[in-house]
Amino acid sequence: MRKTLHSVITGTGSYLPSRVVKNEEFISSSFFDATGTRLPKSGAEIVERFAQITDIQERRYVTDDQVTSDIAFLAAQDTLHSCGADPEQLDYILVAHNFGDVSAANKRSDFVPSLAARVKHKLGIENPQTIAYDLPFGCPGWLQALIQADYYLRSGDAKRVLVIGAEVLSRVCDPHDRDSMLYADGAGAVLLEARESDEPVGILCHSTRSDTVQAAHLLRMGASYNPAYEGQELFLKMEGRKLYEYALKTVPQAIKDCLDKAGLPLAAMHKLLLHQANGKMDDAILKRLYSLYGETTIPEEVMPMTISWLGNSSVATLPTLFDLLVKHQFNGNEITPGQTILFASVGAGMNCNAVVYRMPEQGE
Ligand SMILES: CC(C)(COP(=O)(O)OP(=O)(O)OC[C@H]1O[C@@H](n2cnc3c(N)ncnc32)[C@H](O)[C@@H]1OP(=O)(O)O)[C@@H](O)C(=O)NCCC(=O)NCCSC(=O)CC(=O)O
């Protein structure tokens with residue numbers, strides 16, 4: 001009798017852009033608010049406050065000659081090398097991103113052909129049965145692509161799916177908006193494969209919600225906050241406080257709903273990997289999540305964070321974090337065989353999703 005099909009991660013990879021941009025680099029910026037009024041505080045005061053309310057000290061930016069599909073390819077290559085997979089054997093390449101390839105020269109977004117098609121081309125894949133397409137779903141896009149891959153794999157339609165999250169937010173940052181300091185560039189990926197097993201392994205459960213009516217406006221594209229800015233491009237704009245409140249209300253409940261669906265208690269999770277837009281916000285989300293279970297004590301190191309040194313790289317945050325943990329490159333904090341992981345993300349849409357994933361045991 002045929003065993004059940006499960007979606008298991010067999011390879012991980014990431015690309016950390018080489019340019020380290022410290023908070024201090026923003027001190028000489030002139031910052032305006034959403035009404036176009038220049039902020040009264042000095043750059044130094046704004047930057048100091050920024051670090052206090054977000055935990056971000058530095059972030060990574062790509063170099064001028066790189067675009068999103070370039071770094072998506074580098075993360076893909078790292079992933080395939082990590083497990084020795086043959087690129088020609090891939091059934092799908094899914095790339096989560098939100099702005100396409102935005103060139104440093106003219107800041108225009110280029111979406112055609114898809115970034116997935118560009119990655120496939122760069123990998124040298126000639127197989128027409130390797131289907132390549134993109135998924136724009138805000139920051140939760142990479143997790144949503146993982147969920148989509150799970151449907152392909154568990155139905156038997158695919159054996160191997162490469163799921164990439166890549167974003168170059170530095171090209172959509174308004175230099176006159178202090179909230180732009182949150183944003184970063186990066187790329188991460190995993191290879192998922194279908195595995196027959198009677199044991200619960202791989203993706204155990206997932207859930208997604210789209211609050212498009214109440215919250216669609218909280219993250220959007222808009223003009224520079226500086227009325228004298230002469231460029232024509234649009235920048236990523238957010239209503240930070242409202243977003244914070246939305247995330248605090250939605251993410252803990254979405255995680256609990258997903259765990260309830262899986263029939264698992266929060267205590268069964270070895271690691272909680274959350275999208276990182278603001279470190280202080282994630283601390284508040286964690287506290288509220290534990291309070292939903294009547295807990296006041298939070299296990300140390302249950303929520304590993306990269307935000308202080310990598311900032312918010314949107315769809316790249318979760319796969320990069322997972323790669324660093326799996327490869328034991330994370331200050332002693334690691335993910336090991338047999339552990340159960342909870343992924344959750346929130347972002348433009350507004351969309352929010354969660355996935356429960358069990359690592360296979362050694363040799364399983
Ligand atoms: C923007 C924020 C950092 C602001 O922090 P707070 O909400 O705590 O701040 P607040 O408005 O209550 O104000 C408190 C104090 O901080 C100051 N303040 C506010 N924003 C600031 C900033 N960016 N830099 C420096 N100082 C700032 C205020 O003037 C005030 O100062 P004082 O007290 O001195 O008067 C936060 O709200 C936030 O992180 N929001 C959610 C971010 C988020 O989820 N983004 C999108 C993720 S999705 C994504 O990444 C993309 C995608 O989905 O595609």
# chains A, B, ... in the order shown; residues from 1 in each chain; ligands from 1
>>> select_by_dssp(residues="stretch 211-363 of chain A", states="helix (DSSP H, G or I)", output="PyMOL selection string")
chain A and resi 212-218+240-262+266-268+279-292+307-310+314-326
>>> residues_around(residues="A:Ala132", least_positions_apart="4", cutoff="6 Å", atoms="only C-alpha atoms", output="list in words")
Tyr92, Ile93, Leu94, Ala116 and Ala117 of chain A
>>> residues_around(residues="stretch 211-228 of chain A", least_positions_apart="3", cutoff="12 Å", atoms="only C-alpha atoms", output="PyMOL selection string")
chain A and resi 29-39+98-99+137-139+172-180+208+231-247+250+346-353
>>> residues_around(residues="stretch 64-66 of chain A", least_positions_apart="5", cutoff="8 Å", atoms="only C-alpha atoms", output="PDB file with all heavy atoms, in the first residue's frame")
ATOM      1  N   ILE A  71      20.165  38.139  -7.087  1.00  0.00           N
ATOM      2  CA  ILE A  71      20.396  37.570  -5.752  1.00  0.00           C
ATOM      3  C   ILE A  71      19.484  36.360  -5.518  1.00  0.00           C
ATOM      4  O   ILE A  71      19.833  35.454  -4.768  1.00  0.00           O
ATOM      5  CB  ILE A  71      20.306  38.641  -4.639  1.00  0.00           C
ATOM      6  CG1 ILE A  71      18.926  39.264  -4.534  1.00  0.00           C
ATOM      7  CG2 ILE A  71      21.371  39.709  -4.842  1.00  0.00           C
ATOM      8  CD1 ILE A  71      18.782  40.168  -3.289  1.00  0.00           C
ATOM      9  N   SER A 103      16.134  48.608 -11.403  1.00  0.00           N
ATOM     10  CA  SER A 103      17.540  48.959 -11.660  1.00  0.00           C
ATOM     11  C   SER A 103      17.954  50.171 -10.836  1.00  0.00           C
ATOM     12  O   SER A 103      17.136  51.050 -10.546  1.00  0.00           O
ATOM     13  CB  SER A 103      17.749  49.238 -13.154  1.00  0.00           C
ATOM     14  OG  SER A 103      17.352  50.551 -13.442  1.00  0.00           O
ATOM     15  N   ALA A 104      19.237  50.206 -10.472  1.00  0.00           N
ATOM     16  CA  ALA A 104      19.752  51.337  -9.691  1.00  0.00           C
ATOM     17  C   ALA A 104      19.739  52.599 -10.551  1.00  0.00           C
ATOM     18  O   ALA A 104      19.553  53.704 -10.039  1.00  0.00           O
ATOM     19  CB  ALA A 104      21.165  51.038  -9.221  1.00  0.00           C
TER      20      ALA A 104
END
>>> residues_around(residues="A:Ile285", least_positions_apart="4", cutoff="7 Å", atoms="only C-alpha atoms", output="list of chain:residue names")
A:Leu248, A:Val251, A:Pro252, A:Met281, A:Leu289
>>> write_last_selection(atoms="C-alpha atoms", output="mmCIF file, in the first residue's frame")
data_model
loop_
_atom_site.group_PDB
_atom_site.id
_atom_site.type_symbol
_atom_site.label_atom_id
_atom_site.label_comp_id
_atom_site.auth_asym_id
_atom_site.auth_seq_id
_atom_site.Cartn_x
_atom_site.Cartn_y
_atom_site.Cartn_z
ATOM 1 C CA LEU A 248 -0.127 42.380 17.228
ATOM 2 C CA VAL A 251 -0.260 37.179 14.148
ATOM 3 C CA PRO A 252 -0.613 35.511 17.602
ATOM 4 C CA MET A 281 7.114 44.324 17.591
ATOM 5 C CA LEU A 289 1.060 34.542 21.785
#
>>> residues_around(residues="A:Met303", least_positions_apart="4", cutoff="12 Å", atoms="only C-alpha atoms", output="ChimeraX atom specification")
/A:269-276,279,282-287,289,298-299,307,318,321-322,325,333-335,341-344
>>> closest_residue(among="A:Gln148, A:Ser313, A:Thr320, A:Ser14", to="ligand 1", atoms="only C-alpha atoms and all ligand atoms")
A:Ser313
>>> closest_residue(among="A:Ile46, A:Leu169, A:Ala267, A:Ile27", to="ligand 1", atoms="only C-alpha atoms and all ligand atoms")
A:Ile46
>>> select_by_dssp(residues="stretch 230-342 of chain A", states="strand (DSSP E)", output="list in words")
Phe235, Leu236, Lys237, Met238, Lys271, Leu272, Leu273, Leu274, Thr340, Ile341 and Leu342 of chain A
>>> closest_residue(among="A:Ala254, A:Ala76, A:Ile9, A:Ala166", to="ligand 1", atoms="only C-alpha atoms and all ligand atoms")
A:Ala166
>>> atom_distance(atom1="atom 27 (C, counted along the ligand's line) of ligand 1", atom2="atom CA of A:Val47")
8.0 Å
>>> atom_distance(atom1="atom CA of A:Tyr133", atom2="atom CA of A:Ala149")
11.9 Å
>>> closest_residue(among="A:Leu259, A:Val315, A:Val201, A:Ile125", to="ligand 1", atoms="only C-alpha atoms and all ligand atoms")
A:Val315
>>> closest_residue(among="A:Gly124, A:Gly156, A:Gly11, A:Pro265", to="A:Gly188", atoms="only C-alpha atoms")
A:Gly11
